[in-house]
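Contents: one structure, followed by commentary.
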Amino acid sequence: MPDSQQQPPHSASGHSAPGQTDTAALLLCGTRLTDGRTVDVRLGGGRIEAVGTAGSLAAGASGARAAKVDLDGYLLLPAPAEVHAHGDTALAADGHGPLAYDDRAVQRRATEAALLQLGHGATALRSHVRVGDVQGLDALTAVLEARRSLRGLVELATVAMPRVLTGAAGADGLAMLRDALKMGASVVGGCPDADPDPTGYVEAVLELASEHGCPVDLHTDAADPARLARLAAMAGGLRPGVTLGPCGGLGRLPSEVASRAADRLAAAGVTVVCLPQGGCGSADRRGTAPVRLLRAAGVRVTAGSGALRDVSNPVGRGDPLEAAYLLASRCGLRPEDAYDMVSRTARAALGLPEVRVEAGFPAELLAVRGDRLSGVLSLAYSRVVIHRGRVVARTSAVREYCDSAAESGLELPRQGREEPS
């Protein structure tokens, strides 16, 4: 395995401040596209200005000379998005004693986790944050502060997750959830399976989401088909949409029962987020949702990372490309479909505009060393991440072997030392 080093975010032009779109032109030179073409791509104003044959593009739209990034040997892709993260508990697996929930500790974990996932290529993240109980709104305050400090590097949306919303104890949770939305949480979430009245929990969430016009993102194992049918019936038609995950229990149901449940989810327009890298603290880790069955029924299915090195999954990587790799290797999806689930479909689930490597689309891009998507999902080491038209992260990997007759005689490929300039 090659050594790798994530390098500090930077602007290729060297002068963009966090929170600002780089208006200077940036020219990506000699990169390969998934259709096999080698092209130059010019970026400006946070969007793709032009795509042309290698060597054909130079000046920006304003006539100013563009800064260049050499992407020879890289495959250029729409950037992935992370649809299911837990920034408040991330990177806590090696801690001793109870999880530290003071503001500084949570902000540090959330910031570091977001930067790690940005380094993997995710330029947009949705992070679930617990509210209520002992932590109150402190964890949410800390994650929102992390979001402000990361502005211009990565888009970070927060999901407020109360534990209980029904009965006497639920009154405090509901009040806390309302306060969370006022503070800046953009999605209503939670885990109805953990409430004494799961149906009442969902009713409270949907009512509040409808009142505020915000999305819903709920944790459920989906092992109870009757409960899932009620949830789908209640969620149908809610805009801007309902997301469920990780739904691993669907894969443990008899196929005919799971098929009927998938049909109901499709009819309700519900999005399912599976977690092929493992679950999280609010969901069962056993198995992955039946991706192919859900897709065949017409359900929009995307994939998230779940736990990032916390007590739920101490080895979680938070890497969308690993999620795509697992979808291809374990679930039998074509590499193109697997990557689509962590990029185009993931962005749609987050309510973000589509990205294509074509003129006019947002400059949210990931360049990975390799020439085909299948190889990139297998050995995705060196990466260049572009957000709002500027380079915000790089990971460089070098693989070396000792001198040998086989290497010199056959001219075998080697991971190069060269880095994008």
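Going by the structure tokens order, chains are called A, B, ..., each with residues numbered from 1, while ligands are numbered from 1 in the order shown.
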For this session: Write out as a ChimeraX atom specification which residues come within 9 Å of Ala139 in chain A when counting only C-alpha atoms, dropping same-chain ones fewer than 4 positions away.
Result: /A:88,101-103,106-107,129-131,135,143-144
Exercise. Which residues come within 8 Å of Gly173 in chain A, counting only C-alpha atoms, excluding same-chain residues fewer than 4 positions away, as a list in words?
Worked result: Val131, Gly132, Pro162, Arg163, Val164, Leu165, Ala169 and Leu177 of chain A
Keeping only N, CA and C atoms, write those residues as a PDB file, in the first residue's frame.
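The resulting file, selection-v7.pdb, is shown below:
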ATOM      1  N   VAL A 131     -29.390  16.127  19.696  1.00  0.00           N
ATOM      2  CA  VAL A 131     -29.854  17.258  20.501  1.00  0.00           C
ATOM      3  C   VAL A 131     -30.695  16.711  21.641  1.00  0.00           C
ATOM      4  N   GLY A 132     -30.745  17.467  22.728  1.00  0.00           N
ATOM      5  CA  GLY A 132     -31.506  17.031  23.890  1.00  0.00           C
ATOM      6  C   GLY A 132     -30.658  16.214  24.841  1.00  0.00           C
ATOM      7  N   PRO A 162     -33.280  14.449  17.871  1.00  0.00           N
ATOM      8  CA  PRO A 162     -33.729  14.258  19.254  1.00  0.00           C
ATOM      9  C   PRO A 162     -33.950  12.769  19.537  1.00  0.00           C
ATOM     10  N   ARG A 163     -33.838  12.384  20.805  1.00  0.00           N
ATOM     11  CA  ARG A 163     -33.990  10.968  21.163  1.00  0.00           C
ATOM     12  C   ARG A 163     -35.458  10.584  21.281  1.00  0.00           C
ATOM     13  N   VAL A 164     -36.246  11.351  22.024  1.00  0.00           N
ATOM     14  CA  VAL A 164     -37.655  11.021  22.271  1.00  0.00           C
ATOM     15  C   VAL A 164     -38.509  12.234  21.931  1.00  0.00           C
ATOM     16  N   LEU A 165     -39.651  11.989  21.276  1.00  0.00           N
ATOM     17  CA  LEU A 165     -40.556  13.087  20.915  1.00  0.00           C
ATOM     18  C   LEU A 165     -41.993  12.845  21.354  1.00  0.00           C
ATOM     19  N   ALA A 169     -41.835  12.842  28.315  1.00  0.00           N
ATOM     20  CA  ALA A 169     -40.427  13.142  28.031  1.00  0.00           C
ATOM     21  C   ALA A 169     -40.250  13.781  26.661  1.00  0.00           C
ATOM     22  N   LEU A 177     -36.017  20.483  19.505  1.00  0.00           N
ATOM     23  CA  LEU A 177     -35.949  20.372  18.049  1.00  0.00           C
ATOM     24  C   LEU A 177     -36.351  21.697  17.386  1.00  0.00           C
TER      25      LEU A 177
END
Per residue of range 89-125 of chain A within 10 Å of range 310-330 of chain A, which atom pair is closest and at what distance in Å (one decimal), using only C-alpha atoms, listed by chain and increasing number, as a tab-separated table?
residue	atom	partner	partner_atom	distance
A:Thr89	CA	A:Asp310	CA	6.3
A:Ala90	CA	A:Asp310	CA	5.2
A:Leu91	CA	A:Asp310	CA	5.3
A:Ala92	CA	A:Asp310	CA	4.7
A:Ala93	CA	A:Asp310	CA	4.1
A:Asp94	CA	A:Asp310	CA	7.8
A:Gly95	CA	A:Asp310	CA	9.1
A:Leu99	CA	A:Val311	CA	9.5
A:Ala113	CA	A:Gly318	CA	8.2
A:Ala114	CA	A:Gly318	CA	9.3
A:Leu116	CA	A:Gly318	CA	7.7
A:Gln117	CA	A:Gly318	CA	6.0
A:Leu118	CA	A:Asp319	CA	9.1
A:Gly119	CA	A:Asp319	CA	9.0
A:His120	CA	A:Asp319	CA	5.7
A:Gly121	CA	A:Pro320	CA	7.6
A:Ala122	CA	A:Pro320	CA	7.2
How about saving the chosen residues, all heavy atoms kept, as a short mmCIF file (atom, residue, chain, number, x, y, z; two decimals), in the first residue's frame?
data_model
loop_
_atom_site.label_atom_id
_atom_site.label_comp_id
_atom_site.auth_asym_id
_atom_site.auth_seq_id
_atom_site.Cartn_x
_atom_site.Cartn_y
_atom_site.Cartn_z
N THR A 89 -19.75 12.80 16.88
CA THR A 89 -19.16 11.63 17.55
C THR A 89 -17.95 11.08 16.79
O THR A 89 -17.33 10.12 17.25
CB THR A 89 -20.21 10.52 17.69
OG1 THR A 89 -20.71 10.17 16.40
CG2 THR A 89 -21.35 10.97 18.58
N ALA A 90 -17.62 11.64 15.63
CA ALA A 90 -16.53 11.11 14.80
C ALA A 90 -15.19 11.17 15.54
O ALA A 90 -14.98 11.99 16.43
CB ALA A 90 -16.43 11.91 13.51
N LEU A 91 -14.30 10.25 15.18
CA LEU A 91 -12.91 10.25 15.64
C LEU A 91 -12.81 10.11 17.15
O LEU A 91 -11.88 10.62 17.77
CB LEU A 91 -12.19 11.52 15.17
CG LEU A 91 -12.27 11.80 13.66
CD1 LEU A 91 -11.70 13.17 13.34
CD2 LEU A 91 -11.58 10.71 12.88
N ALA A 92 -13.76 9.41 17.75
CA ALA A 92 -13.76 9.26 19.21
C ALA A 92 -13.48 7.84 19.65
O ALA A 92 -13.57 7.53 20.84
CB ALA A 92 -15.12 9.71 19.76
N ALA A 93 -13.14 6.95 18.72
CA ALA A 93 -12.99 5.54 19.06
C ALA A 93 -11.84 5.29 20.03
O ALA A 93 -11.88 4.35 20.84
CB ALA A 93 -12.77 4.71 17.79
N ASP A 94 -10.79 6.09 19.96
CA ASP A 94 -9.61 5.86 20.79
C ASP A 94 -9.63 6.63 22.11
O ASP A 94 -8.65 6.58 22.86
CB ASP A 94 -8.35 6.25 20.01
CG ASP A 94 -8.17 5.39 18.77
OD1 ASP A 94 -8.61 4.23 18.79
OD2 ASP A 94 -7.61 5.89 17.78
N GLY A 95 -10.73 7.32 22.38
CA GLY A 95 -10.80 8.07 23.63
C GLY A 95 -10.99 7.18 24.83
O GLY A 95 -11.41 6.02 24.72
N LEU A 99 -17.65 9.82 26.23
CA LEU A 99 -17.42 10.71 25.09
C LEU A 99 -17.49 12.17 25.53
O LEU A 99 -18.45 12.60 26.17
CB LEU A 99 -18.48 10.45 24.02
CG LEU A 99 -18.39 11.30 22.75
CD1 LEU A 99 -17.10 11.03 22.00
CD2 LEU A 99 -19.60 11.03 21.86
N ALA A 113 -13.22 15.79 11.04
CA ALA A 113 -13.95 14.78 10.25
C ALA A 113 -14.34 15.35 8.89
O ALA A 113 -14.21 14.68 7.85
CB ALA A 113 -15.19 14.32 11.01
N ALA A 114 -14.82 16.59 8.87
CA ALA A 114 -15.22 17.20 7.60
C ALA A 114 -14.03 17.36 6.67
O ALA A 114 -14.13 17.12 5.45
CB ALA A 114 -15.89 18.55 7.85
N LEU A 116 -11.29 15.49 6.68
CA LEU A 116 -10.92 14.16 6.21
C LEU A 116 -11.81 13.75 5.04
O LEU A 116 -11.33 13.23 4.02
CB LEU A 116 -11.05 13.15 7.35
CG LEU A 116 -9.91 13.12 8.37
CD1 LEU A 116 -10.29 12.23 9.54
CD2 LEU A 116 -8.63 12.61 7.73
N GLN A 117 -13.10 13.99 5.17
CA GLN A 117 -14.02 13.59 4.11
C GLN A 117 -13.87 14.48 2.88
O GLN A 117 -14.03 14.02 1.75
CB GLN A 117 -15.45 13.59 4.65
CG GLN A 117 -15.63 12.48 5.68
CD GLN A 117 -17.00 12.45 6.32
OE1 GLN A 117 -17.40 13.40 6.99
NE2 GLN A 117 -17.72 11.36 6.14
N LEU A 118 -13.53 15.74 3.10
CA LEU A 118 -13.21 16.61 1.96
C LEU A 118 -11.98 16.07 1.23
O LEU A 118 -11.95 16.04 0.00
CB LEU A 118 -12.95 18.03 2.45
CG LEU A 118 -12.44 19.03 1.41
CD1 LEU A 118 -13.48 19.26 0.31
CD2 LEU A 118 -12.05 20.35 2.05
N GLY A 119 -10.96 15.64 1.97
CA GLY A 119 -9.78 15.08 1.34
C GLY A 119 -10.10 13.86 0.51
O GLY A 119 -9.43 13.58 -0.49
N HIS A 120 -11.13 13.11 0.89
CA HIS A 120 -11.56 11.96 0.09
C HIS A 120 -12.29 12.40 -1.17
O HIS A 120 -12.45 11.61 -2.10
CB HIS A 120 -12.49 11.06 0.91
CG HIS A 120 -11.81 10.33 2.02
ND1 HIS A 120 -10.57 9.73 1.88
CD2 HIS A 120 -12.19 10.07 3.30
CE1 HIS A 120 -10.23 9.14 3.01
NE2 HIS A 120 -11.19 9.33 3.89
N GLY A 121 -12.79 13.64 -1.18
CA GLY A 121 -13.47 14.14 -2.38
C GLY A 121 -14.84 14.71 -2.17
O GLY A 121 -15.42 15.31 -3.07
N ALA A 122 -15.43 14.53 -0.97
CA ALA A 122 -16.79 14.99 -0.72
C ALA A 122 -16.80 16.49 -0.47
O ALA A 122 -16.30 16.96 0.55
CB ALA A 122 -17.39 14.26 0.49
#
Exercise. Within 7 Å of Arg47 in chain A, counting only C-alpha atoms, which residues qualify if same-chain residues fewer than 5 places away don't, as a ChimeraX atom specification?
Worked result: /A:360-363,388-389
For this session: Looking only at strand (DSSP E or B) from DSSP on the backbone, list the matching residues of range 155-363 of chain A as JSON, numbers by chain.
Result: {"A": [155, 156, 157, 158, 159, 160, 161, 162, 187, 188, 189, 190, 216, 217, 218, 219, 220, 242, 243, 244, 245, 246, 271, 272, 273, 274, 300, 301, 302, 303, 310, 313, 362]}
Problem set entry | Interatomic distance (Å, one decimal) between CA of Ala25 in chain A and CA of Thr38 in chain A | 19.7 Å
For this session: Name the residues in contact with range 214-230 of chain A at a cut-off of 6 Å, using only C-alpha atoms, excluding same-chain residues fewer than 5 positions from it; report them as a PyMOL selection string.
Result: chain A and resi 187-191+209+240-245+247-250
Exercise. Of the candidates A:Leu27, A:Ala338, A:Leu153, A:Val391, which one gets nearest to Val291 in chain A if we count only C-alpha atoms?
Worked result: A:Ala338
Exercise. Which residue gives the smallest distance to Leu350 in chain A among A:Thr111, A:Ser149, A:Thr34, A:Ser127, with only C-alpha atoms counted?
Worked result: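 Among the listed residues, A:Ser127 lies closest to Leu350 in chain A.
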For this session: Rounded to one decimal place, report the CA of Ala297 in chain A-CA of Gly200 in chain A distance in Å.
Result: 27.7 Å
May I have the residues within 8 Å of Asp40 in chain A as a PDB file with C-alpha atoms, in the first residue's frame, using only C-alpha atoms and disregarding those fewer than 2 positions away in the same chain?
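Final output, saved to around_5.pdb:
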ATOM      1  CA  LEU A  27      -7.371  25.465 -16.246  1.00  0.00           C
ATOM      2  CA  LEU A  28      -7.319  21.704 -15.646  1.00  0.00           C
ATOM      3  CA  CYS A  29      -4.914  20.352 -18.251  1.00  0.00           C
ATOM      4  CA  GLY A  30      -4.742  16.946 -19.876  1.00  0.00           C
ATOM      5  CA  THR A  31      -7.303  15.160 -17.730  1.00  0.00           C
ATOM      6  CA  THR A  38      -8.380  13.582 -22.849  1.00  0.00           C
ATOM      7  CA  ARG A  42     -11.553  25.714 -17.754  1.00  0.00           C
ATOM      8  CA  VAL A  51     -14.352  21.696 -21.995  1.00  0.00           C
ATOM      9  CA  GLY A  52     -12.062  21.274 -25.012  1.00  0.00           C
ATOM     10  CA  THR A  53      -9.490  18.979 -26.519  1.00  0.00           C
ATOM     11  CA  ALA A  54      -6.137  18.939 -24.751  1.00  0.00           C
ATOM     12  CA  GLY A  55      -4.188  22.101 -25.505  1.00  0.00           C
ATOM     13  CA  SER A  56      -7.124  23.976 -26.985  1.00  0.00           C
ATOM     14  CA  LEU A  57      -8.032  26.168 -23.982  1.00  0.00           C
TER      15      LEU A  57
END
For this session: Run DSSP on the backbone and give me the residues of range 321-370 of chain A it puts in helix (DSSP H, G or I), as a list of chain:residue names.
Result: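 Output for range 321-370 of chain A, helix (DSSP H, G or I) only: A:Leu321, A:Glu322, A:Ala323, A:Ala324, A:Tyr325, A:Leu326, A:Leu327, A:Ala328, A:Ser329, A:Pro335, A:Glu336, A:Asp337, A:Ala338, A:Tyr339, A:Asp340, A:Met341, A:Val342, A:Arg344, A:Thr345, A:Ala346, A:Arg347, A:Ala348, A:Ala349.
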Exercise. Gly184 in chain A: which residues within 9 Å, counting only C-alpha atoms, same-chain residues fewer than 2 positions away excluded, as a VMD selection string?
Worked result: chain A and resid 140 to 141 144 158 179 to 182 186
Deliver the residues from the most recent selection as a file, using C-alpha atoms, as a PDB file, in the first residue's frame.
ATOM      1  CA  LEU A 140     -25.272  21.415  17.555  1.00  0.00           C
ATOM      2  CA  THR A 141     -23.779  24.799  18.453  1.00  0.00           C
ATOM      3  CA  LEU A 144     -22.613  24.898  13.401  1.00  0.00           C
ATOM      4  CA  THR A 158     -26.769  19.602   9.881  1.00  0.00           C
ATOM      5  CA  ASP A 179     -34.854  25.567  18.927  1.00  0.00           C
ATOM      6  CA  ALA A 180     -32.387  23.588  16.801  1.00  0.00           C
ATOM      7  CA  LEU A 181     -34.112  24.689  13.605  1.00  0.00           C
ATOM      8  CA  LYS A 182     -34.068  28.311  14.755  1.00  0.00           C
ATOM      9  CA  SER A 186     -31.415  22.562   8.133  1.00  0.00           C
TER      10      SER A 186
END
